[in-house]
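Q: What follows is protein.csv; its format and atoms are CSV, C-alpha atoms and all ligand atoms.
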```csv
chain,number,residue,atom,x,y,z
Q,12,MET,CA,35.2,-6.7,-14.0
Q,13,CYS,CA,35.3,-4.7,-10.8
Q,14,PHE,CA,33.5,-1.5,-10.5
Q,15,TYR,CA,34.9,1.0,-8.1
Q,16,GLY,CA,33.3,4.4,-7.5
Q,17,PRO,CA,30.4,6.2,-5.9
Q,18,VAL,CA,27.0,4.6,-6.2
Q,19,SER,CA,25.7,7.6,-8.1
Q,20,VAL,CA,28.1,6.8,-11.0
Q,21,ILE,CA,26.9,3.2,-11.1
Q,22,LYS,CA,23.3,4.3,-11.1
Q,23,LYS,CA,24.0,6.5,-14.2
Q,24,VAL,CA,25.2,3.5,-16.2
Q,25,LEU,CA,22.1,1.4,-15.3
Q,26,PRO,CA,19.2,1.6,-17.8
Q,27,ALA,CA,16.3,3.7,-16.7
Q,28,GLY,CA,13.8,1.8,-14.6
Q,29,SER,CA,16.3,-0.9,-13.6
Q,30,GLN,CA,16.1,0.1,-9.9
Q,31,LYS,CA,13.3,-1.7,-8.1
Q,32,SER,CA,10.3,0.4,-7.0
Q,33,CYS,CA,8.8,-0.7,-3.7
Q,34,LEU,CA,5.2,-0.7,-2.9
Q,35,LEU,CA,4.2,-0.7,0.8
Q,36,ILE,CA,0.8,-1.9,2.0
Q,37,LEU,CA,-0.2,-0.8,5.5
Q,38,GLY,CA,-3.3,-0.5,7.5
Q,39,LEU,CA,-4.9,-1.9,10.7
Q,40,ASP,CA,-5.2,-5.6,11.3
Q,41,ASN,CA,-8.2,-7.1,9.6
Q,42,ALA,CA,-8.5,-4.3,7.1
Q,43,GLY,CA,-7.9,-6.6,4.1
Q,44,LYS,CA,-4.3,-5.9,3.1
Q,45,SER,CA,-3.4,-9.6,2.5
Q,46,THR,CA,-6.6,-10.1,0.5
Q,47,LEU,CA,-5.8,-7.1,-1.6
Q,48,THR,CA,-2.2,-8.3,-2.0
Q,49,ALA,CA,-3.6,-11.6,-3.4
Q,50,HIS,CA,-5.5,-9.7,-6.1
Q,51,LEU,CA,-2.5,-7.6,-6.9
Q,52,ALA,CA,-0.3,-10.7,-7.2
Q,53,GLY,CA,-2.9,-12.0,-9.7
Q,54,PHE,CA,-3.0,-8.9,-11.8
Q,55,PHE,CA,0.8,-8.3,-11.8
Q,56,ASN,CA,2.2,-11.8,-12.1
Q,57,GLY,CA,3.2,-11.9,-8.5
Q,58,ASP,CA,6.0,-14.1,-7.4
Q,59,PRO,CA,6.0,-14.8,-3.6
Q,60,LYS,CA,9.3,-14.2,-1.9
Q,61,GLU,CA,9.7,-14.2,1.9
Q,62,SER,CA,6.8,-14.5,4.2
Q,63,ASN,CA,6.3,-14.7,8.0
Q,64,LYS,CA,3.7,-13.6,10.5
Q,65,GLN,CA,4.8,-10.0,10.3
Q,66,ALA,CA,5.3,-9.4,6.6
Q,67,SER,CA,5.2,-10.9,3.2
Q,68,GLU,CA,7.2,-9.9,0.2
Q,69,TRP,CA,6.3,-10.3,-3.4
Q,70,SER,CA,7.9,-9.5,-6.7
Q,71,LEU,CA,5.4,-8.0,-9.2
Q,72,THR,CA,5.8,-7.0,-12.8
Q,73,ILE,CA,4.0,-3.7,-13.5
Q,74,GLY,CA,4.4,-2.6,-17.1
Q,75,ASN,CA,8.1,-3.2,-17.8
Q,76,TYR,CA,9.1,-2.8,-14.2
Q,77,LYS,CA,10.0,-5.1,-11.4
Q,78,VAL,CA,8.3,-3.9,-8.3
Q,79,LYS,CA,8.7,-5.2,-4.8
Q,80,LEU,CA,5.6,-5.3,-2.7
Q,81,TRP,CA,5.5,-5.6,1.1
Q,82,ASP,CA,2.3,-6.5,2.9
Q,83,ILE,CA,2.9,-5.8,6.6
Q,84,ASN,CA,0.8,-7.1,9.4
Q,85,GLY,CA,-1.3,-4.5,11.1
Q,86,GLU,CA,-1.6,-5.8,14.7
Q,87,LEU,CA,-0.5,-3.3,17.3
Q,88,LYS,CA,2.5,-5.4,18.4
Q,89,ASN,CA,3.8,-5.6,14.8
Q,90,ARG,CA,3.4,-1.9,13.9
Q,91,GLN,CA,6.8,-1.2,15.4
Q,92,ILE,CA,8.5,-2.8,12.4
Q,93,TRP,CA,6.7,-0.6,9.9
Q,94,PRO,CA,9.3,2.2,9.9
Q,95,ASN,CA,11.9,-0.4,8.8
Q,96,TYR,CA,10.2,-0.2,5.4
Q,97,TYR,CA,9.7,3.5,5.0
Q,98,LYS,CA,13.0,4.4,3.5
Q,99,LYS,CA,12.6,2.1,0.5
Q,100,ALA,CA,8.9,2.6,-0.1
Q,101,LYS,CA,8.2,4.6,-3.2
Q,102,VAL,CA,4.4,4.2,-3.2
Q,103,LEU,CA,2.2,3.7,-0.2
Q,104,VAL,CA,-1.2,2.0,0.0
Q,105,PHE,CA,-3.2,2.3,3.3
Q,106,VAL,CA,-6.2,-0.1,3.6
Q,107,LEU,CA,-9.2,0.7,5.7
Q,108,ASP,CA,-12.2,-1.5,6.8
Q,109,SER,CA,-15.0,0.9,5.8
Q,110,LYS,CA,-17.6,-0.9,7.9
Q,111,ASP,CA,-15.6,-0.5,11.2
Q,112,ALA,CA,-16.5,3.1,12.1
Q,113,VAL,CA,-15.0,2.7,15.6
Q,114,ARG,CA,-11.6,1.7,14.3
Q,115,LEU,CA,-11.5,4.4,11.7
Q,116,SER,CA,-10.4,6.8,14.4
Q,117,GLU,CA,-7.6,4.4,15.3
Q,118,ALA,CA,-6.8,4.2,11.6
Q,119,ARG,CA,-6.7,8.0,11.4
Q,120,CYS,CA,-4.1,8.2,14.2
Q,121,VAL,CA,-2.1,5.4,12.8
Q,122,LEU,CA,-2.0,7.0,9.3
Q,123,CYS,CA,-1.2,10.3,10.8
Q,124,ASP,CA,1.8,8.8,12.6
Q,125,VAL,CA,3.0,7.0,9.4
Q,126,LEU,CA,2.8,10.3,7.4
Q,127,MET,CA,4.9,12.1,10.0
Q,128,HIS,CA,7.9,10.1,8.8
Q,129,GLN,CA,9.9,12.2,6.4
Q,130,GLU,CA,11.2,9.1,4.5
Q,131,LEU,CA,7.6,8.9,3.1
Q,132,ASN,CA,7.3,12.5,2.1
Q,133,ARG,CA,7.6,11.8,-1.6
Q,134,ALA,CA,5.5,8.6,-1.7
Q,135,PRO,CA,2.1,9.0,-3.3
Q,136,LEU,CA,-0.6,7.6,-1.1
Q,137,LEU,CA,-3.6,5.6,-2.0
Q,138,ILE,CA,-6.2,5.0,0.7
Q,139,VAL,CA,-8.3,2.0,0.0
Q,140,SER,CA,-11.8,2.0,1.6
Q,141,ASN,CA,-12.3,-1.7,1.6
Q,142,LYS,CA,-15.2,-4.1,2.4
Q,143,THR,CA,-17.9,-2.1,0.5
Q,144,ASP,CA,-19.8,-5.3,0.1
Q,145,SER,CA,-20.5,-5.4,3.9
Q,146,SER,CA,-23.7,-4.1,5.3
Q,147,GLY,CA,-22.9,-0.9,7.3
Q,148,SER,CA,-20.0,0.0,5.0
Q,149,LEU,CA,-19.6,3.8,5.3
Q,150,PRO,CA,-19.9,6.0,2.2
Q,151,LEU,CA,-16.8,7.5,0.8
Q,152,SER,CA,-17.7,11.0,2.0
Q,153,THR,CA,-18.0,9.8,5.6
Q,154,VAL,CA,-14.7,7.9,5.4
Q,155,ILE,CA,-13.0,11.0,4.1
Q,156,ASP,CA,-14.5,13.0,7.0
Q,157,LEU,CA,-13.8,10.6,9.8
Q,158,MET,CA,-10.2,10.1,8.5
Q,159,GLY,CA,-9.7,13.9,8.2
Q,160,LEU,CA,-8.4,13.5,4.7
Q,161,ASP,CA,-9.5,16.9,3.6
Q,162,ARG,CA,-6.5,18.1,5.7
Q,163,LEU,CA,-4.1,16.0,3.8
Q,164,ASP,CA,-2.1,18.4,1.6
Q,165,GLY,CA,1.4,18.6,0.3
Q,166,ARG,CA,1.4,15.1,-1.1
Q,167,VAL,CA,-0.1,13.2,-4.0
Q,168,TRP,CA,-3.0,11.1,-2.6
Q,169,ALA,CA,-6.2,9.5,-3.7
Q,170,ILE,CA,-8.9,7.3,-2.1
Q,171,LYS,CA,-10.7,4.4,-3.8
Q,172,GLU,CA,-13.5,2.2,-2.7
Q,173,CYS,CA,-13.4,-1.5,-3.2
Q,174,SER,CA,-14.3,-4.9,-2.0
Q,175,THR,CA,-11.3,-7.3,-2.1
Q,176,GLN,CA,-13.8,-10.0,-1.3
Q,177,THR,CA,-16.0,-9.6,-4.4
Q,178,GLY,CA,-13.3,-7.9,-6.5
Q,179,LEU,CA,-15.5,-4.9,-7.2
Q,180,GLY,CA,-13.3,-1.7,-7.4
Q,181,VAL,CA,-10.0,-3.6,-7.4
Q,182,GLN,CA,-9.4,-2.6,-11.0
Q,183,GLY,CA,-9.4,1.1,-9.9
Q,184,VAL,CA,-6.7,0.2,-7.3
Q,185,VAL,CA,-4.7,-1.6,-9.9
Q,186,ASN,CA,-4.9,1.3,-12.3
Q,187,TRP,CA,-3.8,3.8,-9.7
Q,188,ILE,CA,-0.8,1.7,-8.7
Q,189,THR,CA,0.2,1.2,-12.4
Q,190,ASN,CA,0.1,5.0,-13.1
Q,191,GLU,CA,2.0,5.9,-10.0
Q,192,ILE,CA,4.8,3.3,-10.6
Q,193,ARG,CA,5.1,4.6,-14.2
Q,194,ARG,CA,5.2,8.2,-13.0
Q,195,LYS,CA,7.9,7.4,-10.5
Q,196,LYS,CA,10.0,5.8,-13.2
Q,197,GLN,CA,9.8,8.8,-15.6
W,201,LIG,N1,-16.7,-8.7,3.7
W,201,LIG,C1,-15.4,-8.5,3.4
W,201,LIG,N2,-14.4,-9.2,4.1
W,201,LIG,C2,-13.2,-9.0,3.7
W,201,LIG,C3,-12.8,-8.1,2.6
W,201,LIG,N3,-11.5,-8.1,2.4
W,201,LIG,C4,-11.0,-8.9,3.4
W,201,LIG,N4,-12.0,-9.4,4.1
W,201,LIG,C5,-11.9,-10.3,5.3
W,201,LIG,O1,-11.3,-9.6,6.4
W,201,LIG,C6,-10.5,-10.5,7.1
W,201,LIG,C7,-9.1,-9.9,7.2
W,201,LIG,O2,-8.5,-9.9,5.9
W,201,LIG,P1,-6.9,-9.8,5.7
W,201,LIG,O3,-6.7,-9.6,4.2
W,201,LIG,O4,-6.3,-11.0,6.3
W,201,LIG,O5,-6.6,-8.5,6.6
W,201,LIG,P2,-5.1,-7.9,6.8
W,201,LIG,O6,-5.3,-6.4,6.7
W,201,LIG,O7,-4.1,-8.6,6.0
W,201,LIG,O8,-4.9,-8.2,8.4
W,201,LIG,P3,-3.5,-8.4,9.2
W,201,LIG,O9,-2.6,-9.2,8.4
W,201,LIG,O10,-3.9,-9.1,10.5
W,201,LIG,O11,-3.0,-7.0,9.4
W,201,LIG,C8,-10.5,-11.9,6.4
W,201,LIG,O12,-11.5,-12.7,7.0
W,201,LIG,C9,-11.0,-11.5,5.0
W,201,LIG,O13,-11.7,-12.6,4.4
W,201,LIG,C10,-13.9,-7.5,1.9
W,201,LIG,O14,-13.7,-6.7,0.9
W,201,LIG,N5,-15.1,-7.7,2.3
W,202,MG,MG,-2.4,-9.7,6.5
```
Just dump the structure as structure tokens.

A:
Amino acid sequence: MCFYGPVSVIKKVLPAGSQKSCLLILGLDNAGKSTLTAHLAGFFNGDPKESNKQASEWSLTIGNYKVKLWDINGELKNRQIWPNYYKKAKVLVFVLDSKDAVRLSEARCVLCDVLMHQELNRAPLLIVSNKTDSSGSLPLSTVIDLMGLDRLDGRVWAIKECSTQTGLGVQGVVNWITNEIRRKKQ
């Protein structure tokens, strides 16, 4: 059977939740995005799709929903492809290396630039302060301060500490993502 008509009509006949949510994982190179992604794939029955040096794509099952995850490389030369993903991203996770105080100011500028993109205005944001197992890891209050997060208003956001190396705190990240995906689907 052929279906002619505007997309909005087709969307109405699809069951609620059948459209894929997309979870975008960004952050500077070396922050721990791919290590976090491996944990999320473990928690959410991840099925690897495409992967190359710039990005890897996974299909996750979160509750009853199929969710596409993109883990994008954070090297400077690859950041130019990030905006290609903004339009489809429904939930944004930004990973930080909490022991790298020098690069937190770079991360702050990069996050600021990401959030200027209007396509992401409605995407809830989770900042993951990673590598808490490392000596010299900065406390959450300092990370919030250095990242200027107290000025982040007008959007749903949260920050969680974790070590994707030891797994400590990863459950909190999993819970936040689960809640936000559910909220987006209601
Ligand atoms: N100590 C410690 N090391 C970590 C942690 N998470 C990741 N790493 C290490 O940090 C390095 C970078 O981790 P990746 O997950 O590859 O970082 P990435 O953000 O994907 O980096 P790009 O893909 O280059 O953008 C690796 O050597 C990891 O083993 C952590 O929680 N603690
Ligand atoms: Mg990576």

Q: Find the residue from Q:Glu172, Q:Asp164, Q:Glu68, Q:Glu191 that sits nearest to ligand MG 202 (chain W); use all atoms listed in the file when measuring.

A: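 The closest residue to ligand MG 202 (chain W) is Q:Glu68.
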
Q: Hey, can you check how far atom CA of Leu107 of chain Q sits from atom CA of Met127 of chain Q?

A: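 Atom-to-atom, atom CA of Leu107 of chain Q and atom CA of Met127 of chain Q are spaced 18.6 Å apart.
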
Q: Around ligand MG 202 (chain W), which protein and nucleic acid residues have at least one atom no more than 12 Å from it, if we count all atoms listed in the file? List them as a PDB file with C-alpha atoms, in the coordinates of the input.

A:
```pdb
ATOM      1  CA  ILE Q  36       0.800  -1.900   2.000  1.00  0.00           C
ATOM      2  CA  LEU Q  37      -0.200  -0.800   5.500  1.00  0.00           C
ATOM      3  CA  GLY Q  38      -3.300  -0.500   7.500  1.00  0.00           C
ATOM      4  CA  LEU Q  39      -4.900  -1.900  10.700  1.00  0.00           C
ATOM      5  CA  ASP Q  40      -5.200  -5.600  11.300  1.00  0.00           C
ATOM      6  CA  ASN Q  41      -8.200  -7.100   9.600  1.00  0.00           C
ATOM      7  CA  ALA Q  42      -8.500  -4.300   7.100  1.00  0.00           C
ATOM      8  CA  GLY Q  43      -7.900  -6.600   4.100  1.00  0.00           C
ATOM      9  CA  LYS Q  44      -4.300  -5.900   3.100  1.00  0.00           C
ATOM     10  CA  SER Q  45      -3.400  -9.600   2.500  1.00  0.00           C
ATOM     11  CA  THR Q  46      -6.600 -10.100   0.500  1.00  0.00           C
ATOM     12  CA  LEU Q  47      -5.800  -7.100  -1.600  1.00  0.00           C
ATOM     13  CA  THR Q  48      -2.200  -8.300  -2.000  1.00  0.00           C
ATOM     14  CA  ALA Q  49      -3.600 -11.600  -3.400  1.00  0.00           C
ATOM     15  CA  SER Q  62       6.800 -14.500   4.200  1.00  0.00           C
ATOM     16  CA  ASN Q  63       6.300 -14.700   8.000  1.00  0.00           C
ATOM     17  CA  LYS Q  64       3.700 -13.600  10.500  1.00  0.00           C
ATOM     18  CA  GLN Q  65       4.800 -10.000  10.300  1.00  0.00           C
ATOM     19  CA  ALA Q  66       5.300  -9.400   6.600  1.00  0.00           C
ATOM     20  CA  SER Q  67       5.200 -10.900   3.200  1.00  0.00           C
ATOM     21  CA  GLU Q  68       7.200  -9.900   0.200  1.00  0.00           C
ATOM     22  CA  TRP Q  81       5.500  -5.600   1.100  1.00  0.00           C
ATOM     23  CA  ASP Q  82       2.300  -6.500   2.900  1.00  0.00           C
ATOM     24  CA  ILE Q  83       2.900  -5.800   6.600  1.00  0.00           C
ATOM     25  CA  ASN Q  84       0.800  -7.100   9.400  1.00  0.00           C
ATOM     26  CA  GLY Q  85      -1.300  -4.500  11.100  1.00  0.00           C
ATOM     27  CA  GLU Q  86      -1.600  -5.800  14.700  1.00  0.00           C
ATOM     28  CA  ASN Q  89       3.800  -5.600  14.800  1.00  0.00           C
ATOM     29  CA  VAL Q 106      -6.200  -0.100   3.600  1.00  0.00           C
TER      30      VAL Q 106
END
```

Q: Restricting the calculation to only C-alpha atoms and all ligand atoms: of Q:Glu117, Q:Asp124, Q:Asp108, Q:Glu130, which residue gets closest to ligand LIG 201 (chain W)?

A: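 For ligand LIG 201 (chain W), the nearest of the given residues is Q:Asp108.
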
Q: Kindly give the distance, in Å, that separates atom CA of Ala169 of chain Q and atom CA of Ile138 of chain Q, rounded to a single decimal.

A: 6.3 Å

Q: Taking into account only C-alpha atoms and all ligand atoms, which residue in the set Q:Asn190, Q:Ser145, Q:Ser109, Q:Gln182 is nearest to ligand LIG 201 (chain W)?

A: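 Of Q:Asn190, Q:Ser145, Q:Ser109, Q:Gln182, the one nearest ligand LIG 201 (chain W) is Q:Ser145, counting only C-alpha atoms and all ligand atoms.
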
Q: At a cut-off of 12 Å, using only C-alpha atoms, what residues contact Ser152 of chain Q? Leave out same-chain residues fewer than 4 positions from it and give the result as number ranges by chain.

A: Q: 109, 140, 148, 156-161, 170-172

Q: Generate the output file for the selected residues, C-alpha atoms, as a short mmCIF file (atom, residue, chain, number, x, y, z; two decimals), keeping the file's coordinate frame.

A:
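Result written to out.cif:
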```cif
data_model
loop_
_atom_site.label_atom_id
_atom_site.label_comp_id
_atom_site.auth_asym_id
_atom_site.auth_seq_id
_atom_site.Cartn_x
_atom_site.Cartn_y
_atom_site.Cartn_z
CA SER Q 109 -15.00 0.90 5.80
CA SER Q 140 -11.80 2.00 1.60
CA SER Q 148 -20.00 0.00 5.00
CA ASP Q 156 -14.50 13.00 7.00
CA LEU Q 157 -13.80 10.60 9.80
CA MET Q 158 -10.20 10.10 8.50
CA GLY Q 159 -9.70 13.90 8.20
CA LEU Q 160 -8.40 13.50 4.70
CA ASP Q 161 -9.50 16.90 3.60
CA ILE Q 170 -8.90 7.30 -2.10
CA LYS Q 171 -10.70 4.40 -3.80
CA GLU Q 172 -13.50 2.20 -2.70
#
```

Q: Using all atoms listed in the file, which of the listed residues (Q:Lys88, Q:Trp168, Q:Leu137, Q:Gln129) sits closest to ligand LIG 201 (chain W)?

A: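 Between Q:Lys88, Q:Trp168, Q:Leu137, Q:Gln129, the residue approaching ligand LIG 201 (chain W) most closely is Q:Lys88.
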
Q: Name the closest residue to Cys33 of chain Q among the candidates Q:Ile155, Q:Gln91, Q:Gly53, Q:Leu103; distances are taken between atoms, counting only C-alpha atoms.

A: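 Once distances to Cys33 of chain Q are computed over only C-alpha atoms, the minimum belongs to Q:Leu103.
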
Q: Write out as a ChimeraX atom specification which residues come within 10 Å of Lys31 of chain Q when counting all atoms listed in the file, dropping same-chain ones fewer than 4 positions away.

A: /Q:70,76-79,99,101,196

Q: I'd like to know which of Q:Tyr97, Q:Phe55, Q:Trp69, Q:Phe105 is closest to ligand LIG 201 (chain W), using only C-alpha atoms and all ligand atoms.

A: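 For ligand LIG 201 (chain W), the nearest of the candidates is Q:Phe105.
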
Q: What is the atom CA of Val121 of chain Q-atom CA of Pro94 of chain Q distance in Å, reported with one decimal?

A: 12.2 Å

Q: Which polymer residues, whether protein, DNA or RNA, lie within 7 Å of the coordinate (-0.2, -2.4, -12.0) when you count only C-alpha atoms? List them as an NGL selection string, using the chain letters and numbers from the file.

A: :Q and (55 or 73-74 or 185-186 or 188-189)
